[in-house]
Amino acid sequence: VDYPDGGRTLGVWVVDSTPPTMIYVHVESITHEAFRITLQLDEPGTLWCAAVEQDGVGGGYCNNDEVQDNPASACYFETYIKGGTSDSTVFRADVHVAYQDVQINVDKIWERDLNGAVALTHETGYSIFCFAEDDWKIEAEAVPNSPNFAAPAGPNKNTITQVNALHTALAFVTTLDEAPPSFTMLAIEDPTASNDKIVVTFALNEAGTAYCRAT
């Protein structure tokens, strides 16, 4: 017989060994305590984003220069960006289609010890960090496998270098000021002290302009 033996093997996949690429689209403040990040991935996966304080602000929250890749230290990038369900700091989006916009709204900042969170402060600048991992493990295990199939150990995840690259593109965003100013002091000096003017002394709770009129 001059024909070789043959056959067909089903479920042969080409291994995906690279993490997804995050693509910056847009970022904007949407309220006095929330902002929205619009991103894409170059393959199906999951995205997370988190707010951090600006360098030099201080306090109980991670800032720009403290986000790092040591799992044993505070502000470990993957843990901090993925957030915690108990503190309502999980801000994520499932990406089912490559190169399709997804939006993530962030309205809290997680404490550096991961044991609490507070709402973002109005009219305040924050830095943004995002993290992504792909669906390789899920997809590979959900289809018929070839005889030599080896299950992936886990999804392909972004490195700190990729996270920092997107962080640079996002820069920082300032929450809106949606509340009008209020008087913290308002007093009228003795109106009999002058026959051609009334002196009003006031203070506002933020920078602004006050107007007065005699009627």
# chains A, B, ... in the order shown; residues from 1 in each chain; ligands from 1

$ select_by_dssp --residues "chain A" --states "strand (DSSP E or B)" --output "ChimeraX atom specification"
/A:22-31,34-41,45-53,61,63,68,76,92-95,102-106,108-111,117-119,125-134,157,172-174,183-188,200-204

$ closest_atom_pairs --of "segment 2-78 of chain A" --to "segment 89-94 of chain A" --cutoff "8 Å" --atoms "only C-alpha atoms" --output "Markdown table"
| residue | atom | partner | partner_atom | distance |
| --- | --- | --- | --- | --- |
| A:Pro44 | CA | A:Asp94 | CA | 8.0 |
| A:Gly45 | CA | A:Asp94 | CA | 6.3 |
| A:Thr46 | CA | A:Asp94 | CA | 4.6 |
| A:Leu47 | CA | A:Ala93 | CA | 5.2 |
| A:Trp48 | CA | A:Arg92 | CA | 4.2 |
| A:Cys49 | CA | A:Phe91 | CA | 5.8 |
| A:Ala50 | CA | A:Phe91 | CA | 6.9 |

$ residues_around --residues "Tyr99 of chain A" --least-positions-apart "2" --cutoff "8 Å" --atoms "only C-alpha atoms" --output "list in words"
Gln40, Leu41, Asp42, Glu43, Val97 and Asp101 of chain A

$ select_by_dssp --residues "chain A" --states "alpha helix (DSSP H)" --output "ChimeraX atom specification"
/A:77-82,136-141,160-170

$ residues_around --residues "Ala34 of chain A" --least-positions-apart "6" --cutoff "10 Å" --atoms "only C-alpha atoms" --output "JSON, numbers by chain"
{"A": [28, 51, 105, 106, 107, 108, 119, 120, 121, 122, 173, 174, 175, 176]}

$ write_last_selection --atoms "N, CA, C and O atoms" --output "mmCIF file, in the first residue's frame"
data_model
loop_
_atom_site.group_PDB
_atom_site.id
_atom_site.type_symbol
_atom_site.label_atom_id
_atom_site.label_comp_id
_atom_site.auth_asym_id
_atom_site.auth_seq_id
_atom_site.Cartn_x
_atom_site.Cartn_y
_atom_site.Cartn_z
ATOM 1 N N GLU A 28 -12.368 60.151 32.391
ATOM 2 C CA GLU A 28 -13.052 61.398 32.719
ATOM 3 C C GLU A 28 -13.678 61.304 34.102
ATOM 4 O O GLU A 28 -14.025 60.216 34.575
ATOM 5 N N ALA A 51 -7.958 53.539 42.198
ATOM 6 C CA ALA A 51 -7.433 54.884 42.428
ATOM 7 C C ALA A 51 -6.340 54.833 43.483
ATOM 8 O O ALA A 51 -6.434 54.069 44.449
ATOM 9 N N ASN A 105 -16.115 52.268 36.295
ATOM 10 C CA ASN A 105 -16.312 53.417 37.168
ATOM 11 C C ASN A 105 -15.650 53.155 38.519
ATOM 12 O O ASN A 105 -15.865 52.098 39.119
ATOM 13 N N VAL A 106 -14.869 54.104 38.983
ATOM 14 C CA VAL A 106 -14.186 53.987 40.283
ATOM 15 C C VAL A 106 -14.690 55.098 41.186
ATOM 16 O O VAL A 106 -14.662 56.276 40.800
ATOM 17 N N ASP A 107 -15.167 54.741 42.384
ATOM 18 C CA ASP A 107 -15.695 55.767 43.287
ATOM 19 C C ASP A 107 -15.198 55.637 44.727
ATOM 20 O O ASP A 107 -15.702 56.323 45.621
ATOM 21 N N LYS A 108 -14.217 54.754 44.951
ATOM 22 C CA LYS A 108 -13.634 54.622 46.288
ATOM 23 C C LYS A 108 -12.130 54.411 46.166
ATOM 24 O O LYS A 108 -11.619 54.010 45.116
ATOM 25 N N ALA A 119 -14.946 57.037 50.165
ATOM 26 C CA ALA A 119 -15.328 57.641 48.894
ATOM 27 C C ALA A 119 -14.250 58.619 48.448
ATOM 28 O O ALA A 119 -13.535 59.207 49.274
ATOM 29 N N LEU A 120 -14.125 58.784 47.149
ATOM 30 C CA LEU A 120 -13.181 59.761 46.619
ATOM 31 C C LEU A 120 -13.602 61.164 47.052
ATOM 32 O O LEU A 120 -14.787 61.458 47.199
ATOM 33 N N THR A 121 -12.637 62.024 47.254
ATOM 34 C CA THR A 121 -12.889 63.391 47.702
ATOM 35 C C THR A 121 -13.151 64.298 46.506
ATOM 36 O O THR A 121 -12.477 64.197 45.485
ATOM 37 N N HIS A 122 -14.133 65.177 46.653
ATOM 38 C CA HIS A 122 -14.464 66.053 45.531
ATOM 39 C C HIS A 122 -13.320 67.016 45.222
ATOM 40 O O HIS A 122 -12.569 67.425 46.090
ATOM 41 N N VAL A 173 -6.543 62.051 37.227
ATOM 42 C CA VAL A 173 -7.840 62.665 36.960
ATOM 43 C C VAL A 173 -8.333 63.334 38.238
ATOM 44 O O VAL A 173 -8.075 62.851 39.349
ATOM 45 N N THR A 174 -9.009 64.449 38.073
ATOM 46 C CA THR A 174 -9.519 65.211 39.212
ATOM 47 C C THR A 174 -11.040 65.074 39.279
ATOM 48 O O THR A 174 -11.734 65.281 38.276
ATOM 49 N N THR A 175 -11.534 64.715 40.439
ATOM 50 C CA THR A 175 -12.981 64.599 40.612
ATOM 51 C C THR A 175 -13.636 65.980 40.497
ATOM 52 O O THR A 175 -12.997 67.012 40.705
ATOM 53 N N LEU A 176 -14.918 65.975 40.160
ATOM 54 C CA LEU A 176 -15.634 67.226 39.926
ATOM 55 C C LEU A 176 -16.014 67.918 41.233
ATOM 56 O O LEU A 176 -16.042 67.312 42.307
#

$ residues_around --residues "Cys130 of chain A" --least-positions-apart "6" --cutoff "10 Å" --atoms "only C-alpha atoms" --output "ChimeraX atom specification"
/A:22,37,39,47-51,77-78,80-82,91-92,104,158,162-167,170

$ residues_around --residues "Thr85 of chain A" --least-positions-apart "6" --cutoff "12 Å" --atoms "only C-alpha atoms" --output "ChimeraX atom specification"
/A:79,91-92,110,114-117

$ closest_residue --among "A:Ala150, A:Ala142, A:Val102, A:Val27" --to "Ile128 of chain A" --atoms "only C-alpha atoms"
A:Val27

$ closest_residue --among "A:Asp16, A:Glu141, A:Asp134, A:Asp177" --to "Lys157 of chain A" --atoms "only C-alpha atoms"
A:Asp134

$ atom_distance --atom1 "atom CA of Pro19 of chain A" --atom2 "atom CA of Asn156 of chain A"
4.5 Å

$ residues_around --residues "Leu186 of chain A" --least-positions-apart "4" --cutoff "12 Å" --atoms "only C-alpha atoms" --output "ChimeraX atom specification"
/A:182,199-205,210,212

$ closest_residue --among "A:Gly60, A:Pro71, A:Pro152, A:Pro180" --to "Val118 of chain A" --atoms "only C-alpha atoms"
A:Gly60

$ decode --residues "segment 164-191 of chain A" --atoms "N, CA, C and O atoms" --output "PDB file, in the first residue's frame"
ATOM      1  N   ASN A 164       2.449  49.890  34.717  1.00  0.00           N
ATOM      2  CA  ASN A 164       3.019  51.240  34.806  1.00  0.00           C
ATOM      3  C   ASN A 164       2.928  51.983  33.483  1.00  0.00           C
ATOM      4  O   ASN A 164       2.762  53.212  33.457  1.00  0.00           O
ATOM      5  N   ALA A 165       3.023  51.254  32.378  1.00  0.00           N
ATOM      6  CA  ALA A 165       2.921  51.892  31.065  1.00  0.00           C
ATOM      7  C   ALA A 165       1.535  52.505  30.868  1.00  0.00           C
ATOM      8  O   ALA A 165       1.402  53.643  30.397  1.00  0.00           O
ATOM      9  N   LEU A 166       0.479  51.767  31.246  1.00  0.00           N
ATOM     10  CA  LEU A 166      -0.864  52.318  31.117  1.00  0.00           C
ATOM     11  C   LEU A 166      -1.081  53.443  32.126  1.00  0.00           C
ATOM     12  O   LEU A 166      -1.732  54.447  31.818  1.00  0.00           O
ATOM     13  N   HIS A 167      -0.520  53.274  33.306  1.00  0.00           N
ATOM     14  CA  HIS A 167      -0.629  54.327  34.322  1.00  0.00           C
ATOM     15  C   HIS A 167      -0.064  55.643  33.803  1.00  0.00           C
ATOM     16  O   HIS A 167      -0.651  56.720  34.018  1.00  0.00           O
ATOM     17  N   THR A 168       1.040  55.586  33.096  1.00  0.00           N
ATOM     18  CA  THR A 168       1.631  56.792  32.519  1.00  0.00           C
ATOM     19  C   THR A 168       0.687  57.423  31.502  1.00  0.00           C
ATOM     20  O   THR A 168       0.543  58.649  31.440  1.00  0.00           O
ATOM     21  N   ALA A 169       0.033  56.584  30.697  1.00  0.00           N
ATOM     22  CA  ALA A 169      -0.903  57.105  29.694  1.00  0.00           C
ATOM     23  C   ALA A 169      -2.135  57.728  30.349  1.00  0.00           C
ATOM     24  O   ALA A 169      -2.652  58.751  29.883  1.00  0.00           O
ATOM     25  N   LEU A 170      -2.603  57.123  31.440  1.00  0.00           N
ATOM     26  CA  LEU A 170      -3.786  57.631  32.128  1.00  0.00           C
ATOM     27  C   LEU A 170      -3.498  58.920  32.898  1.00  0.00           C
ATOM     28  O   LEU A 170      -4.395  59.730  33.114  1.00  0.00           O
ATOM     29  N   ALA A 171      -2.237  59.093  33.315  1.00  0.00           N
ATOM     30  CA  ALA A 171      -1.836  60.259  34.106  1.00  0.00           C
ATOM     31  C   ALA A 171      -2.692  60.312  35.377  1.00  0.00           C
ATOM     32  O   ALA A 171      -2.727  59.358  36.132  1.00  0.00           O
ATOM     33  N   PHE A 172      -3.381  61.422  35.615  1.00  0.00           N
ATOM     34  CA  PHE A 172      -4.257  61.483  36.785  1.00  0.00           C
ATOM     35  C   PHE A 172      -5.528  62.223  36.398  1.00  0.00           C
ATOM     36  O   PHE A 172      -5.597  62.921  35.385  1.00  0.00           O
ATOM     37  N   VAL A 173      -6.543  62.051  37.227  1.00  0.00           N
ATOM     38  CA  VAL A 173      -7.840  62.665  36.960  1.00  0.00           C
ATOM     39  C   VAL A 173      -8.333  63.334  38.238  1.00  0.00           C
ATOM     40  O   VAL A 173      -8.075  62.851  39.349  1.00  0.00           O
ATOM     41  N   THR A 174      -9.009  64.449  38.073  1.00  0.00           N
ATOM     42  CA  THR A 174      -9.519  65.211  39.212  1.00  0.00           C
ATOM     43  C   THR A 174     -11.040  65.074  39.279  1.00  0.00           C
ATOM     44  O   THR A 174     -11.734  65.281  38.276  1.00  0.00           O
ATOM     45  N   THR A 175     -11.534  64.715  40.439  1.00  0.00           N
ATOM     46  CA  THR A 175     -12.981  64.599  40.612  1.00  0.00           C
ATOM     47  C   THR A 175     -13.636  65.980  40.497  1.00  0.00           C
ATOM     48  O   THR A 175     -12.997  67.012  40.705  1.00  0.00           O
ATOM     49  N   LEU A 176     -14.918  65.975  40.160  1.00  0.00           N
ATOM     50  CA  LEU A 176     -15.634  67.226  39.926  1.00  0.00           C
ATOM     51  C   LEU A 176     -16.014  67.918  41.233  1.00  0.00           C
ATOM     52  O   LEU A 176     -16.042  67.312  42.307  1.00  0.00           O
ATOM     53  N   ASP A 177     -16.315  69.197  41.100  1.00  0.00           N
ATOM     54  CA  ASP A 177     -16.894  69.968  42.200  1.00  0.00           C
ATOM     55  C   ASP A 177     -18.339  70.254  41.820  1.00  0.00           C
ATOM     56  O   ASP A 177     -18.614  71.106  40.980  1.00  0.00           O
ATOM     57  N   GLU A 178     -19.282  69.529  42.432  1.00  0.00           N
ATOM     58  CA  GLU A 178     -20.696  69.676  42.093  1.00  0.00           C
ATOM     59  C   GLU A 178     -21.490  70.409  43.173  1.00  0.00           C
ATOM     60  O   GLU A 178     -22.699  70.605  43.035  1.00  0.00           O
ATOM     61  N   ALA A 179     -20.823  70.818  44.237  1.00  0.00           N
ATOM     62  CA  ALA A 179     -21.527  71.475  45.335  1.00  0.00           C
ATOM     63  C   ALA A 179     -21.239  72.972  45.314  1.00  0.00           C
ATOM     64  O   ALA A 179     -20.085  73.390  45.154  1.00  0.00           O
ATOM     65  N   PRO A 180     -22.254  73.816  45.468  1.00  0.00           N
ATOM     66  CA  PRO A 180     -22.007  75.267  45.524  1.00  0.00           C
ATOM     67  C   PRO A 180     -21.301  75.638  46.824  1.00  0.00           C
ATOM     68  O   PRO A 180     -21.397  74.908  47.821  1.00  0.00           O
ATOM     69  N   PRO A 181     -20.602  76.764  46.832  1.00  0.00           N
ATOM     70  CA  PRO A 181     -19.947  77.177  48.074  1.00  0.00           C
ATOM     71  C   PRO A 181     -20.978  77.582  49.120  1.00  0.00           C
ATOM     72  O   PRO A 181     -22.123  77.939  48.794  1.00  0.00           O
ATOM     73  N   SER A 182     -20.583  77.520  50.363  1.00  0.00           N
ATOM     74  CA  SER A 182     -21.472  77.952  51.446  1.00  0.00           C
ATOM     75  C   SER A 182     -20.716  78.941  52.337  1.00  0.00           C
ATOM     76  O   SER A 182     -19.484  78.930  52.399  1.00  0.00           O
ATOM     77  N   PHE A 183     -21.465  79.801  52.982  1.00  0.00           N
ATOM     78  CA  PHE A 183     -20.855  80.776  53.881  1.00  0.00           C
ATOM     79  C   PHE A 183     -20.513  80.106  55.211  1.00  0.00           C
ATOM     80  O   PHE A 183     -21.364  79.468  55.836  1.00  0.00           O
ATOM     81  N   THR A 184     -19.288  80.256  55.615  1.00  0.00           N
ATOM     82  CA  THR A 184     -18.886  79.792  56.943  1.00  0.00           C
ATOM     83  C   THR A 184     -18.915  80.946  57.951  1.00  0.00           C
ATOM     84  O   THR A 184     -18.862  80.718  59.156  1.00  0.00           O
ATOM     85  N   MET A 185     -18.975  82.164  57.419  1.00  0.00           N
ATOM     86  CA  MET A 185     -19.144  83.346  58.276  1.00  0.00           C
ATOM     87  C   MET A 185     -19.831  84.424  57.447  1.00  0.00           C
ATOM     88  O   MET A 185     -19.494  84.633  56.281  1.00  0.00           O
ATOM     89  N   LEU A 186     -20.801  85.091  58.029  1.00  0.00           N
ATOM     90  CA  LEU A 186     -21.495  86.177  57.349  1.00  0.00           C
ATOM     91  C   LEU A 186     -21.958  87.167  58.414  1.00  0.00           C
ATOM     92  O   LEU A 186     -22.784  86.827  59.264  1.00  0.00           O
ATOM     93  N   ALA A 187     -21.395  88.369  58.384  1.00  0.00           N
ATOM     94  CA  ALA A 187     -21.705  89.363  59.416  1.00  0.00           C
ATOM     95  C   ALA A 187     -21.775  90.750  58.789  1.00  0.00           C
ATOM     96  O   ALA A 187     -21.039  91.061  57.846  1.00  0.00           O
ATOM     97  N   ILE A 188     -22.668  91.580  59.313  1.00  0.00           N
ATOM     98  CA  ILE A 188     -22.806  92.970  58.878  1.00  0.00           C
ATOM     99  C   ILE A 188     -22.327  93.871  60.008  1.00  0.00           C
ATOM    100  O   ILE A 188     -22.778  93.755  61.153  1.00  0.00           O
ATOM    101  N   GLU A 189     -21.370  94.726  59.675  1.00  0.00           N
ATOM    102  CA  GLU A 189     -20.877  95.659  60.682  1.00  0.00           C
ATOM    103  C   GLU A 189     -21.954  96.692  61.018  1.00  0.00           C
ATOM    104  O   GLU A 189     -22.948  96.839  60.289  1.00  0.00           O
ATOM    105  N   ASP A 190     -21.757  97.407  62.077  1.00  0.00           N
ATOM    106  CA  ASP A 190     -22.736  98.398  62.551  1.00  0.00           C
ATOM    107  C   ASP A 190     -23.148  99.329  61.410  1.00  0.00           C
ATOM    108  O   ASP A 190     -22.322 100.085  60.898  1.00  0.00           O
ATOM    109  N   PRO A 191     -24.396  99.240  60.927  1.00  0.00           N
ATOM    110  CA  PRO A 191     -24.811 100.076  59.792  1.00  0.00           C
ATOM    111  C   PRO A 191     -24.815 101.566  60.108  1.00  0.00           C
ATOM    112  O   PRO A 191     -24.884 102.394  59.197  1.00  0.00           O
TER     113      PRO A 191
END
